[in-house]
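Since the structure comes first, as structure tokens, the remarks are kept for the end.
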Amino acid sequence: MRNRRSFFVRSTTSALALAASAALLPMQAQAQPAVATGSFPSKAITIVVPFPAGGITDNVTRTLATKVSDQLGKPVIVDNRPGGGGQIAAGAVRQQPADGHTIFVGATEMFAINPTLYRNFSYDPNKDFTPVTPLASSPLVLVVPANSPMNSLNDVIQQAKTRTNGLTFASQGVGSIGHLLGEMFRTKVGGNFSHVAYKGSAPALQDVMGGQVDFMFDPVITTAPLIVGKRLKPIAIAADKRSPQMPNVPTMAELGVNGVNAGVWFGAVVKTGTPAPIVDRLNQAFAAALKDPEVLKRFNEQGMQSFASSPEDFGKYMRNEQMRWSALVKASGASID
């Protein structure tokens, strides 16, 4: 964690600039009292989540909320605003002052996929929000029913090429990571794959376990308990390296299929216009929370990895993810009105 420094020390690069800024101190202190006096936060922090309570993003947020509260010395309230692919939650944050007391925590879809997927998306992640920090990530894993005759990635590929009607693959919804990764897989290996879209991960996994659908790409965080319970069979990790929770499951690349990798990630942003010192203070609070032993233990149990960075690096990461997923959305032809 970076040492806490005042706004003026951080905004200068030389002794001369520091001396010049000192002359403006009274005026700036009057314009931004919360920053200059160090009184942030002055009230409870609200974290708006674009999913219902009990979902992955909600669990990540609530795991961190208490620790962030400890760091900031104020209560942290989690406000669930599901719907519209994140647009309802984003709208609620945009209506609040840009003072750091309202935070938007979303997943890959909200920041990198949905702006391209939806025909008329109501917010721009880059223009309307300022990055604070990524929070956690979880790789996706290709799973099949526990009693499936397919036991390897080669089995899946061969069945898709030789079975009369090919294979079906489930996803969390049209344009979801599972859908886009499935389309990427189809492009890489060929074969006959039919997409079956669901409204969320839970119903999709239910039908995969029941054998109604042949396979699915879903995060380790949701599949791990079902794999341990012998209700799903893992085939391959869609990541650059093996998952600590599934060390015996090879990656797609290890099995000869390169470039089919993706993970769901979660991050925190605030309304554009929030003063940089407040963004930095929030970054420090989340970074400390992400290092807490209880949080690390909980994340590890859930199949997630802590994933903190500076606001600047998170901004670069989001823009790279936006370019990547935007191209995949367009290539898939997926669209939501």
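Order determines the names: the first chain of the structure tokens is A, the second B, and so forth; residues in each chain are numbered 1 upward, and ligands are numbered 1 upward as they are shown.
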
What lies within 8 Å of region 189-202 of chain A using only C-alpha atoms, ignoring chain neighbours under 5 positions off, as a ChimeraX atom specification?
-> /A:157-158,160-162,165-174,179,182,213,218,257

Using the selection just defined, write its residues with N, CA and C atoms as a CSV table (one decimal), in the first residue's frame.
```
chain,number,residue,atom,x,y,z
A,157,ILE,N,-14.2,-32.4,-28.6
A,157,ILE,CA,-14.0,-31.9,-30.0
A,157,ILE,C,-14.5,-33.0,-31.0
A,158,GLN,N,-14.1,-34.3,-30.7
A,158,GLN,CA,-14.5,-35.3,-31.6
A,158,GLN,C,-16.0,-35.5,-31.6
A,160,ALA,N,-18.3,-33.2,-31.1
A,160,ALA,CA,-18.8,-32.1,-31.9
A,160,ALA,C,-18.7,-32.3,-33.4
A,161,LYS,N,-17.7,-33.0,-33.8
A,161,LYS,CA,-17.5,-33.2,-35.2
A,161,LYS,C,-18.1,-34.5,-35.8
A,162,THR,N,-18.4,-35.5,-34.9
A,162,THR,CA,-18.9,-36.7,-35.4
A,162,THR,C,-20.4,-37.0,-35.0
A,165,ASN,N,-26.0,-34.5,-34.5
A,165,ASN,CA,-26.5,-33.2,-34.2
A,165,ASN,C,-25.5,-32.3,-33.5
A,166,GLY,N,-24.3,-32.8,-33.4
A,166,GLY,CA,-23.2,-32.1,-32.7
A,166,GLY,C,-23.5,-32.0,-31.2
A,167,LEU,N,-22.9,-31.0,-30.6
A,167,LEU,CA,-23.1,-30.8,-29.1
A,167,LEU,C,-23.8,-29.5,-28.8
A,168,THR,N,-24.4,-29.4,-27.7
A,168,THR,CA,-25.1,-28.2,-27.2
A,168,THR,C,-24.2,-27.6,-26.1
A,169,PHE,N,-24.1,-26.3,-26.0
A,169,PHE,CA,-23.4,-25.7,-24.9
A,169,PHE,C,-24.3,-24.6,-24.3
A,170,ALA,N,-24.3,-24.6,-23.0
A,170,ALA,CA,-25.1,-23.6,-22.2
A,170,ALA,C,-24.3,-22.4,-21.9
A,171,SER,N,-25.0,-21.3,-21.7
A,171,SER,CA,-24.3,-20.1,-21.2
A,171,SER,C,-25.2,-19.3,-20.3
A,172,GLN,N,-24.6,-18.3,-19.6
A,172,GLN,CA,-25.3,-17.5,-18.6
A,172,GLN,C,-26.3,-16.5,-19.3
A,173,GLY,N,-26.3,-16.4,-20.6
A,173,GLY,CA,-27.1,-15.5,-21.3
A,173,GLY,C,-26.5,-15.1,-22.7
A,174,VAL,N,-27.3,-14.5,-23.5
A,174,VAL,CA,-26.8,-14.0,-24.8
A,174,VAL,C,-25.7,-13.0,-24.6
A,179,HIS,N,-21.1,-17.5,-23.3
A,179,HIS,CA,-21.5,-17.6,-24.7
A,179,HIS,C,-20.3,-17.2,-25.6
A,182,GLY,N,-17.7,-19.8,-25.7
A,182,GLY,CA,-18.1,-21.0,-26.4
A,182,GLY,C,-18.0,-20.7,-27.9
A,213,VAL,N,-28.0,-30.4,-21.5
A,213,VAL,CA,-27.0,-29.7,-22.3
A,213,VAL,C,-25.7,-30.4,-22.1
A,218,ASP,N,-18.0,-22.0,-17.3
A,218,ASP,CA,-18.5,-21.2,-16.2
A,218,ASP,C,-17.4,-21.0,-15.2
A,257,VAL,N,-5.3,-26.4,-27.5
A,257,VAL,CA,-6.2,-25.3,-28.0
A,257,VAL,C,-5.8,-24.0,-27.5
```

Val249 (chain A) environment, 12 Å, only C-alpha atoms, sequence neighbours closer than 4 positions dropped, as an NGL selection string | :A and (140-143 or 151-153 or 220 or 224 or 227 or 233-239 or 241-245 or 253-255)

Since we have the selection now, will you write its residues out, keeping N, CA, C and O atoms, as a tab-separated table (two decimals), in the first residue's frame?
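Printed below is out-v1.tsv as written:
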```
chain	number	residue	atom	x	y	z
A	140	LEU	N	-12.57	-19.37	-16.08
A	140	LEU	CA	-13.67	-20.23	-16.49
A	140	LEU	C	-13.15	-21.64	-16.74
A	140	LEU	O	-11.98	-21.84	-17.10
A	141	VAL	N	-14.02	-22.60	-16.54
A	141	VAL	CA	-13.66	-24.00	-16.75
A	141	VAL	C	-14.74	-24.65	-17.60
A	141	VAL	O	-15.93	-24.36	-17.45
A	142	LEU	N	-14.32	-25.50	-18.52
A	142	LEU	CA	-15.26	-26.26	-19.34
A	142	LEU	C	-15.70	-27.46	-18.52
A	142	LEU	O	-14.88	-28.28	-18.11
A	143	VAL	N	-17.01	-27.56	-18.29
A	143	VAL	CA	-17.56	-28.67	-17.49
A	143	VAL	C	-18.60	-29.43	-18.30
A	143	VAL	O	-19.27	-28.88	-19.16
A	151	ASN	N	-14.60	-37.48	-21.46
A	151	ASN	CA	-13.68	-37.37	-20.33
A	151	ASN	C	-12.46	-36.50	-20.62
A	151	ASN	O	-11.61	-36.32	-19.74
A	152	SER	N	-12.38	-35.97	-21.82
A	152	SER	CA	-11.23	-35.15	-22.19
A	152	SER	C	-11.66	-34.10	-23.19
A	152	SER	O	-12.76	-34.18	-23.78
A	153	LEU	N	-10.78	-33.14	-23.42
A	153	LEU	CA	-11.08	-32.09	-24.41
A	153	LEU	C	-11.16	-32.70	-25.80
A	153	LEU	O	-11.99	-32.30	-26.62
A	220	VAL	N	-14.85	-20.85	-12.07
A	220	VAL	CA	-14.48	-21.82	-11.03
A	220	VAL	C	-15.26	-21.53	-9.75
A	220	VAL	O	-15.63	-22.46	-9.02
A	224	ALA	N	-16.80	-25.08	-8.77
A	224	ALA	CA	-15.98	-25.87	-7.85
A	224	ALA	C	-16.80	-26.72	-6.88
A	224	ALA	O	-16.53	-27.92	-6.72
A	227	ILE	N	-18.31	-29.62	-8.70
A	227	ILE	CA	-17.31	-30.61	-9.10
A	227	ILE	C	-16.91	-31.47	-7.91
A	227	ILE	O	-16.83	-32.70	-8.01
A	233	LYS	N	-18.20	-32.63	-14.17
A	233	LYS	CA	-16.86	-33.14	-14.44
A	233	LYS	C	-16.06	-32.05	-15.16
A	233	LYS	O	-16.49	-31.55	-16.20
A	234	PRO	N	-14.91	-31.64	-14.61
A	234	PRO	CA	-14.11	-30.61	-15.27
A	234	PRO	C	-13.29	-31.20	-16.40
A	234	PRO	O	-12.70	-32.28	-16.26
A	235	ILE	N	-13.23	-30.46	-17.51
A	235	ILE	CA	-12.47	-30.93	-18.67
A	235	ILE	C	-11.20	-30.11	-18.89
A	235	ILE	O	-10.12	-30.66	-19.09
A	236	ALA	N	-11.33	-28.78	-18.84
A	236	ALA	CA	-10.16	-27.93	-19.10
A	236	ALA	C	-10.40	-26.54	-18.55
A	236	ALA	O	-11.53	-26.03	-18.56
A	237	ILE	N	-9.33	-25.92	-18.08
A	237	ILE	CA	-9.38	-24.54	-17.58
A	237	ILE	C	-9.12	-23.58	-18.74
A	237	ILE	O	-8.16	-23.75	-19.49
A	238	ALA	N	-9.99	-22.59	-18.89
A	238	ALA	CA	-9.82	-21.60	-19.95
A	238	ALA	C	-9.01	-20.42	-19.41
A	238	ALA	O	-9.52	-19.31	-19.23
A	239	ALA	N	-7.74	-20.67	-19.13
A	239	ALA	CA	-6.87	-19.65	-18.56
A	239	ALA	C	-5.43	-19.93	-18.96
A	239	ALA	O	-5.11	-21.00	-19.51
A	241	LYS	N	-2.95	-20.32	-16.94
A	241	LYS	CA	-2.34	-21.28	-16.03
A	241	LYS	C	-3.43	-22.01	-15.26
A	241	LYS	O	-4.58	-21.58	-15.22
A	242	ARG	N	-3.07	-23.10	-14.64
A	242	ARG	CA	-4.04	-23.92	-13.92
A	242	ARG	C	-4.59	-23.17	-12.71
A	242	ARG	O	-3.93	-22.31	-12.14
A	243	SER	N	-5.79	-23.54	-12.33
A	243	SER	CA	-6.42	-22.93	-11.17
A	243	SER	C	-5.92	-23.59	-9.90
A	243	SER	O	-5.83	-24.82	-9.82
A	244	PRO	N	-5.57	-22.80	-8.87
A	244	PRO	CA	-5.14	-23.38	-7.59
A	244	PRO	C	-6.20	-24.29	-6.98
A	244	PRO	O	-5.88	-25.22	-6.25
A	245	GLN	N	-7.46	-24.00	-7.28
A	245	GLN	CA	-8.55	-24.83	-6.76
A	245	GLN	C	-8.70	-26.14	-7.51
A	245	GLN	O	-9.32	-27.08	-7.02
A	253	ALA	N	-4.71	-24.57	-23.39
A	253	ALA	CA	-3.46	-24.50	-24.15
A	253	ALA	C	-2.62	-25.76	-23.96
A	253	ALA	O	-1.99	-26.24	-24.91
A	254	GLU	N	-2.60	-26.30	-22.74
A	254	GLU	CA	-1.86	-27.53	-22.49
A	254	GLU	C	-2.37	-28.67	-23.36
A	254	GLU	O	-1.64	-29.59	-23.71
A	255	LEU	N	-3.67	-28.59	-23.68
A	255	LEU	CA	-4.31	-29.65	-24.47
A	255	LEU	C	-4.33	-29.33	-25.96
A	255	LEU	O	-5.00	-30.00	-26.74
```

Nearby residues (only C-alpha atoms) at most 7 Å from Met304 (chain A), same-chain spacing under 6 positions excluded, as a PyMOL selection string = chain A and resi 136-138+221

Leaving out Ile103 (chain A) and any residue of its chain fewer than 3 positions from it, which residues lie within 6 Å of it when counting only C-alpha atoms, given as a PyMOL selection string?
-> chain A and resi 47+269-270

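The shortest atom-to-atom distance to Thr272 (chain A), with only C-alpha atoms taken into account, belongs to A:Gln96 out of A:Ser39, A:Ser332, A:Gln87, A:Gln96.
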
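Residue nearest Leu72 (chain A), chosen from A:Ala146, A:Met323, A:Ala308, A:Ala288 and counting only C-alpha atoms: A:Ala288.
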
Quick one: DSSP strand (DSSP E or B) residues in region 79-176 of chain A, as a PyMOL selection string?
-> chain A and resi 79-80+102-107+118+129-145+167-171

Keeping N, CA, C and O atoms for every residue in the selection just given, could you write it to a file as a short mmCIF file (atom, residue, chain, number, x, y, z; two decimals), in the first residue's frame?
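part-v1.cif was written with the following content:
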```
data_model
loop_
_atom_site.label_atom_id
_atom_site.label_comp_id
_atom_site.auth_asym_id
_atom_site.auth_seq_id
_atom_site.Cartn_x
_atom_site.Cartn_y
_atom_site.Cartn_z
N ASP A 79 -25.87 -2.05 -1.76
CA ASP A 79 -27.17 -1.75 -2.35
C ASP A 79 -27.31 -2.51 -3.67
O ASP A 79 -26.63 -2.20 -4.64
N ASN A 80 -28.16 -3.53 -3.71
CA ASN A 80 -28.34 -4.35 -4.91
C ASN A 80 -29.34 -3.69 -5.85
O ASN A 80 -30.49 -3.45 -5.49
N THR A 102 -20.35 6.97 -3.00
CA THR A 102 -21.11 5.96 -3.72
C THR A 102 -20.19 5.28 -4.73
O THR A 102 -19.58 5.94 -5.57
N ILE A 103 -20.09 3.97 -4.64
CA ILE A 103 -19.17 3.18 -5.46
C ILE A 103 -19.97 2.18 -6.28
O ILE A 103 -20.96 1.62 -5.81
N PHE A 104 -19.54 1.97 -7.50
CA PHE A 104 -20.15 0.98 -8.39
C PHE A 104 -19.21 -0.21 -8.50
O PHE A 104 -18.07 -0.07 -8.96
N VAL A 105 -19.65 -1.37 -8.05
CA VAL A 105 -18.87 -2.61 -8.18
C VAL A 105 -19.56 -3.51 -9.19
O VAL A 105 -20.72 -3.89 -9.01
N GLY A 106 -18.88 -3.80 -10.27
CA GLY A 106 -19.45 -4.64 -11.31
C GLY A 106 -18.47 -5.70 -11.77
O GLY A 106 -17.35 -5.81 -11.24
N ALA A 107 -18.90 -6.47 -12.76
CA ALA A 107 -18.07 -7.55 -13.30
C ALA A 107 -17.69 -7.24 -14.75
O ALA A 107 -18.00 -6.16 -15.27
N TYR A 118 -25.37 -4.29 -25.95
CA TYR A 118 -26.67 -3.62 -25.97
C TYR A 118 -26.70 -2.55 -27.06
O TYR A 118 -25.76 -1.77 -27.22
N PHE A 129 -17.29 6.97 -15.54
CA PHE A 129 -16.74 6.45 -14.29
C PHE A 129 -15.22 6.55 -14.26
O PHE A 129 -14.56 6.53 -15.30
N THR A 130 -14.69 6.64 -13.06
CA THR A 130 -13.25 6.67 -12.82
C THR A 130 -12.84 5.37 -12.12
O THR A 130 -13.44 5.00 -11.11
N PRO A 131 -11.85 4.65 -12.64
CA PRO A 131 -11.44 3.38 -12.02
C PRO A 131 -10.88 3.60 -10.61
O PRO A 131 -10.19 4.58 -10.35
N VAL A 132 -11.19 2.68 -9.72
CA VAL A 132 -10.61 2.66 -8.37
C VAL A 132 -9.62 1.50 -8.27
O VAL A 132 -8.43 1.69 -8.06
N THR A 133 -10.12 0.29 -8.45
CA THR A 133 -9.25 -0.89 -8.42
C THR A 133 -10.00 -2.12 -8.88
O THR A 133 -11.22 -2.22 -8.67
N PRO A 134 -9.33 -3.08 -9.51
CA PRO A 134 -9.93 -4.40 -9.66
C PRO A 134 -9.98 -5.06 -8.29
O PRO A 134 -9.25 -4.65 -7.38
N LEU A 135 -10.82 -6.07 -8.14
CA LEU A 135 -10.99 -6.70 -6.83
C LEU A 135 -10.62 -8.18 -6.81
O LEU A 135 -9.89 -8.63 -5.94
N ALA A 136 -11.14 -8.92 -7.76
CA ALA A 136 -10.89 -10.36 -7.77
C ALA A 136 -11.16 -10.90 -9.16
O ALA A 136 -11.79 -10.23 -9.99
N SER A 137 -10.69 -12.10 -9.41
CA SER A 137 -10.94 -12.75 -10.70
C SER A 137 -11.10 -14.25 -10.48
O SER A 137 -10.62 -14.81 -9.49
N SER A 138 -11.79 -14.88 -11.42
CA SER A 138 -11.99 -16.33 -11.37
C SER A 138 -11.99 -16.86 -12.80
O SER A 138 -12.74 -16.38 -13.64
N PRO A 139 -11.12 -17.82 -13.11
CA PRO A 139 -11.07 -18.35 -14.48
C PRO A 139 -12.31 -19.18 -14.79
O PRO A 139 -13.02 -19.64 -13.89
N LEU A 140 -12.57 -19.37 -16.08
CA LEU A 140 -13.67 -20.23 -16.49
C LEU A 140 -13.15 -21.64 -16.74
O LEU A 140 -11.98 -21.84 -17.10
N VAL A 141 -14.02 -22.60 -16.54
CA VAL A 141 -13.66 -24.00 -16.75
C VAL A 141 -14.74 -24.65 -17.60
O VAL A 141 -15.93 -24.36 -17.45
N LEU A 142 -14.32 -25.50 -18.52
CA LEU A 142 -15.26 -26.26 -19.34
C LEU A 142 -15.70 -27.46 -18.52
O LEU A 142 -14.88 -28.28 -18.11
N VAL A 143 -17.01 -27.56 -18.29
CA VAL A 143 -17.56 -28.67 -17.49
C VAL A 143 -18.60 -29.43 -18.30
O VAL A 143 -19.27 -28.88 -19.16
N VAL A 144 -18.72 -30.71 -18.00
CA VAL A 144 -19.73 -31.59 -18.61
C VAL A 144 -20.46 -32.30 -17.47
O VAL A 144 -20.02 -32.28 -16.32
N PRO A 145 -21.61 -32.94 -17.75
CA PRO A 145 -22.30 -33.68 -16.71
C PRO A 145 -21.39 -34.75 -16.10
O PRO A 145 -20.50 -35.28 -16.78
N LEU A 167 -22.93 -30.95 -30.58
CA LEU A 167 -23.06 -30.76 -29.14
C LEU A 167 -23.78 -29.45 -28.83
O LEU A 167 -23.72 -28.49 -29.59
N THR A 168 -24.44 -29.43 -27.70
CA THR A 168 -25.05 -28.20 -27.20
C THR A 168 -24.19 -27.64 -26.07
O THR A 168 -23.60 -28.39 -25.30
N PHE A 169 -24.10 -26.31 -26.01
CA PHE A 169 -23.40 -25.70 -24.88
C PHE A 169 -24.27 -24.61 -24.28
O PHE A 169 -24.90 -23.84 -24.98
N ALA A 170 -24.30 -24.62 -22.96
CA ALA A 170 -25.12 -23.65 -22.23
C ALA A 170 -24.30 -22.40 -21.93
O ALA A 170 -23.07 -22.42 -21.91
N SER A 171 -25.01 -21.30 -21.69
CA SER A 171 -24.33 -20.08 -21.25
C SER A 171 -25.22 -19.34 -20.27
O SER A 171 -26.41 -19.63 -20.13
#
```

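Picture a line from CA of Ser335 (chain A) to CA of Asn114 (chain A); it runs 9.2 Å.
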
Those in region 130-222 of chain A with helix (DSSP H, G or I) from DSSP, as an MDAnalysis selection string = chainID A and resid 153:162 177:189 201:209 220:222

Written file, previous selection with C-alpha atoms, as a short mmCIF file (atom, residue, chain, number, x, y, z; two decimals), in the first residue's frame:
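After the write, out-v6.cif holds the following:
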```cif
data_model
loop_
_atom_site.label_atom_id
_atom_site.label_comp_id
_atom_site.auth_asym_id
_atom_site.auth_seq_id
_atom_site.Cartn_x
_atom_site.Cartn_y
_atom_site.Cartn_z
CA LEU A 153 -11.08 -32.09 -24.41
CA ASN A 154 -10.37 -34.35 -27.36
CA ASP A 155 -13.59 -36.24 -26.59
CA VAL A 156 -15.55 -32.99 -26.67
CA ILE A 157 -14.01 -31.92 -29.98
CA GLN A 158 -14.53 -35.33 -31.61
CA GLN A 159 -18.14 -35.57 -30.44
CA ALA A 160 -18.83 -32.11 -31.88
CA LYS A 161 -17.45 -33.25 -35.23
CA THR A 162 -18.94 -36.75 -35.42
CA ILE A 177 -18.68 -14.61 -21.11
CA GLY A 178 -19.76 -18.25 -21.35
CA HIS A 179 -21.49 -17.58 -24.66
CA LEU A 180 -18.58 -15.65 -26.17
CA LEU A 181 -16.03 -18.18 -24.97
CA GLY A 182 -18.12 -20.98 -26.45
CA GLU A 183 -18.16 -19.19 -29.79
CA MET A 184 -14.40 -18.69 -29.56
CA PHE A 185 -14.00 -22.42 -28.87
CA ARG A 186 -16.16 -23.26 -31.88
CA THR A 187 -13.99 -21.03 -34.10
CA LYS A 188 -10.77 -22.64 -32.85
CA VAL A 189 -11.72 -26.32 -33.11
CA SER A 201 -25.46 -19.32 -14.34
CA ALA A 202 -27.63 -21.31 -11.91
CA PRO A 203 -30.32 -22.56 -14.35
CA ALA A 204 -27.69 -23.25 -17.00
CA LEU A 205 -25.62 -25.36 -14.62
CA GLN A 206 -28.76 -27.17 -13.50
CA ASP A 207 -29.46 -28.37 -17.03
CA VAL A 208 -25.82 -29.30 -17.63
CA MET A 209 -25.88 -31.42 -14.47
CA VAL A 220 -14.48 -21.82 -11.03
CA ILE A 221 -16.21 -19.88 -8.24
CA THR A 222 -19.59 -21.43 -9.17
#
```

Nearest residue to Phe217 (chain A) from the set A:Ala276, A:Ala262, A:Ala53, A:Leu328 (distances using only C-alpha atoms) | A:Ala262

Surrounding residues of His101 (chain A) excluding itself and chain neighbours under 6 positions, 7 Å, only C-alpha atoms, as a tab-separated table (two decimals) with N, CA, C and O atoms, in the first residue's frame:
```tsv
chain	number	residue	atom	x	y	z
A	41	PRO	N	-13.97	9.66	4.57
A	41	PRO	CA	-15.39	9.85	4.28
A	41	PRO	C	-16.10	10.55	5.43
A	41	PRO	O	-15.76	10.35	6.60
A	44	ALA	N	-21.57	7.32	5.68
A	44	ALA	CA	-21.51	5.92	5.24
A	44	ALA	C	-21.21	5.83	3.74
A	44	ALA	O	-21.61	6.68	2.96
A	45	ILE	N	-20.50	4.77	3.37
A	45	ILE	CA	-20.20	4.48	1.97
A	45	ILE	C	-21.24	3.50	1.44
A	45	ILE	O	-21.56	2.51	2.10
A	46	THR	N	-21.77	3.77	0.25
A	46	THR	CA	-22.72	2.85	-0.38
A	46	THR	C	-22.06	2.22	-1.60
A	46	THR	O	-21.55	2.93	-2.47
```

Of the listed residues A:Ser176, A:Thr164, A:Ser306, A:Asn258, that which approaches Ile113 (chain A) most closely, counting only C-alpha atoms | A:Ser176

Quick one: residues within 9 Å of Gly85 (chain A), only C-alpha atoms, excluding same-chain residues fewer than 3 positions away - as a CSV table (one decimal) with C-alpha atoms, in the first residue's frame?
```csv
chain,number,residue,atom,x,y,z
A,50,PRO,CA,-25.8,-4.6,-10.4
A,51,PHE,CA,-26.9,-8.1,-9.4
A,82,PRO,CA,-30.1,-5.6,-10.7
A,88,ILE,CA,-29.9,0.5,-13.4
A,89,ALA,CA,-27.0,0.3,-10.9
A,109,GLU,CA,-19.9,-7.6,-18.5
A,110,MET,CA,-20.7,-4.2,-17.0
A,114,ASN,CA,-22.4,-4.9,-22.4
A,118,TYR,CA,-26.7,-3.6,-26.0
A,121,PHE,CA,-26.5,1.3,-23.7
```

Nearest to Asp240 (chain A) by atom-to-atom distance, counting only C-alpha atoms, from A:Thr223, A:Gln305, A:Asn261, A:Asn59 = A:Asn261

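Counting only C-alpha atoms, Pro225 (chain A) has the following residues at most 10 Å away, ignoring those fewer than 6 positions along the same chain: Arg231, Leu232, Glu301, Gln302 and Gly303 of chain A.
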
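Restricting the calculation to only C-alpha atoms, the smallest distance between Gly259 (chain A) and any of A:Arg324, A:Lys291, A:Lys297, A:Lys230 is found for A:Arg324.
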